[in-house]
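Engineer: One structure, as C-alpha cells, below. Some questions next.
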Amino acid sequence: MDARLNFLDHPQAEPPVSQLPVSQPVVRLRSFVRSFGETTVLHGLDLDIQPGEFVALLGRSGSGKTTLLRTLAGLDTAPGQDVRVPTSRAVVFQDARLLPWKKVWRNVALGLKGADIRDRAEAALREVGLGHRLDAWPLTLSGGEAQRVALARALVREPRLLLLDEPFAALDALTRLRMHDLVLDLWRAHQPAVLMVTHDVDEAIALADRVLVLDSGRIAAQERITIARGERGDMTQPLRHKLLDILGGAAASSGVIPFPHGGHA
Ligand SMILES: Nc1ncnc2c1ncn2[C@@H]1O[C@H](COP(=O)(O)OP(=O)(O)O)[C@@H](O)[C@H]1O
Ligand SMILES: [Mg+2]
C-alpha cells in the first residue's frame, strides 16, 4: 500500500518523509475478534490506517461499525488482542455530548490543563467558526453548532487519530455539506488520520481517501479514491453504484443506506 496516494489532492499537506515512516501505520489491527455473549460481531478483522489517511467506514446498521470504533477509541477493552492505536486520539459521536452546565469553551477545554486553556479552546472554536460563542450555553446551540463544538473539543488535543461515528447523520442536508467542507479544512490543517463511520455513500466518496465496507463483521470491500476531492462528481458514479450494490442495492436512488439508526452505544 502506498500511503503517498492519499495526499494526491493536497500535496502541500504531506509531512517530510523522515517524519512519516510509511511502514508504520497509526492503526493496526490483526485478526481482531469481538463477541458479545454468543454473538460474534467482528470476525478476524485486519485494518491498517496510515498517518494522515482519511478512511470512511460504510456498513448497515448492526454491522459492527461502532464496535470497531469503540475498540480503536479504547472505550471497549480488547484483552490479548493485536490492536495498535496512538495514545493521542479523539472521538466525535452523532450527538455532540456536551455538558449542558458548562459553557461552550469549558466543554472544549474539558480535561486540558494549564493557564492557557481558554486561549486554546478559543483558537479551536475560531477554527470551527464559533469564536463568538465561547461563553454560550450548549443548549442554546443548533445541532450543527453543537457538532462544531464537538469537533473543536476533539481537535484542541491535536490527535493523531480522529474517530468520527456518523457525526453528521442528524444534521439537515445543507448543514451536512457545510460540515463536509469544515471537516476537510480541519483535516488538512491538523493532518490526523481519520476513521469516519457513515451510512451515506456520497459522504464517504466526497471525503475519504479510502472507503471500507463492513458486512457481517468482515471488511467486504475496500476502495481507494485517487480522484481529487473537487472532481469527484460524475467520475465517481461507477464507484457509487458499486458500493451501493455491495451494501444492498435498494438504496441506489438516495445514496443513503435505508436503515434506522440502531445499535449505538
Ligand atoms: N455492549 C453490547 N452488548 C451486546 N451487544 C452489543 C453491544 N454493543 C453492540 N452490540 C451488538 O453488536 C452488533 C453491532 O453493533 P454496532 O457496532 O453498534 O453496529 P453499527 O454501529 O454498525 O450499527 C449489534 O448487533 C449490537 O446489538
Ligand atoms: Mg453505530
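Every chain in the C-alpha cells has a letter given in the order shown (A, B, ...), and although residue numbers restart at 1 in each chain, ligands are simply numbered from 1 in the order shown.
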Based on the backbone DSSP call, show me all residues of stretch 153-199 of chain A assigned strand (DSSP E), as a list in words.
Structural biologist: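 DSSP-assigned strand (DSSP E) residues in stretch 153-199 of chain A: Leu161, Leu162, Leu163, Leu164, Asp165, Ala193, Val194, Leu195, Met196, Val197 and Thr198 of chain A.
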Engineer: How would the residues just picked look written out with N, CA and C atoms as a compact mmCIF listing (two decimals), in the first residue's frame?
Structural biologist:
```txt
# COMPACT_ATOMS: atom_id res chain seq x y z
N LEU A 161 -5.11 10.45 15.70
CA LEU A 161 -6.22 9.66 15.15
C LEU A 161 -7.54 10.30 15.57
N LEU A 162 -8.35 10.65 14.58
CA LEU A 162 -9.65 11.24 14.83
C LEU A 162 -10.72 10.22 14.41
N LEU A 163 -11.56 9.83 15.36
CA LEU A 163 -12.59 8.83 15.11
C LEU A 163 -13.94 9.53 15.08
N LEU A 164 -14.68 9.35 14.01
CA LEU A 164 -15.97 10.03 13.84
C LEU A 164 -17.04 8.98 13.62
N ASP A 165 -18.03 8.93 14.52
CA ASP A 165 -19.10 7.92 14.38
C ASP A 165 -20.39 8.59 13.90
N ALA A 193 -4.92 11.11 11.15
CA ALA A 193 -5.59 10.02 10.45
C ALA A 193 -7.05 10.06 10.89
N VAL A 194 -7.97 9.81 9.95
CA VAL A 194 -9.40 9.87 10.28
C VAL A 194 -10.05 8.54 9.94
N LEU A 195 -10.85 8.03 10.86
CA LEU A 195 -11.77 6.93 10.53
C LEU A 195 -13.18 7.46 10.77
N MET A 196 -13.94 7.61 9.69
CA MET A 196 -15.29 8.16 9.80
C MET A 196 -16.32 7.10 9.44
N VAL A 197 -17.17 6.78 10.39
CA VAL A 197 -18.29 5.88 10.13
C VAL A 197 -19.42 6.69 9.53
N THR A 198 -20.02 6.18 8.48
CA THR A 198 -21.17 6.87 7.89
C THR A 198 -22.13 5.87 7.24
```
Engineer: Within 10 Å of ligand 1, counting only C-alpha atoms and all ligand atoms, which protein or nucleic acid residues do you find, written as a VMD selection string?
Structural biologist: chain A and resid 34 to 42 57 to 71 76 165 to 166 197 to 199 214 to 217 259 to 265
Engineer: Any idea what's packed within 9 Å of A:Leu110, counting only C-alpha atoms, ignoring anything in its chain fewer than 4 positions away? Could you give it as a PyMOL selection string?
Structural biologist: chain A and resi 105-106+153
Engineer: Output C-alpha atoms of each residue in that selection to a file, as a PDB file, in the first residue's frame.
Structural biologist:
```pdb
ATOM      1  CA  TRP A 105     -15.382  26.958  25.875  1.00  0.00           C
ATOM      2  CA  ARG A 106     -15.249  24.844  29.033  1.00  0.00           C
ATOM      3  CA  ARG A 153     -13.114  19.609  21.522  1.00  0.00           C
TER       4      ARG A 153
END
```
Engineer: Give me the residues within 12 Å of A:Ala109 as an MDAnalysis selection string, counting only C-alpha atoms and dropping any in the same chain fewer than 5 places off.
Structural biologist: chainID A and resid 98:99 102:104 114:125 134 149:150 152:157
Engineer: When you count only C-alpha atoms and all ligand atoms, which of these residues is closest to ligand 2: A:Leu177, A:Ala228, A:Ile246, A:Ala169?
Structural biologist: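 Result for the nearest residue to ligand 2: A:Ala169.
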Engineer: Which is closer to ligand 2 than all the others in A:Thr175, A:Gln191, A:Gln94, A:Gln81, using only C-alpha atoms and all ligand atoms?
Structural biologist: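 Of the candidates, the smallest distance to ligand 2 is held by A:Gln94.
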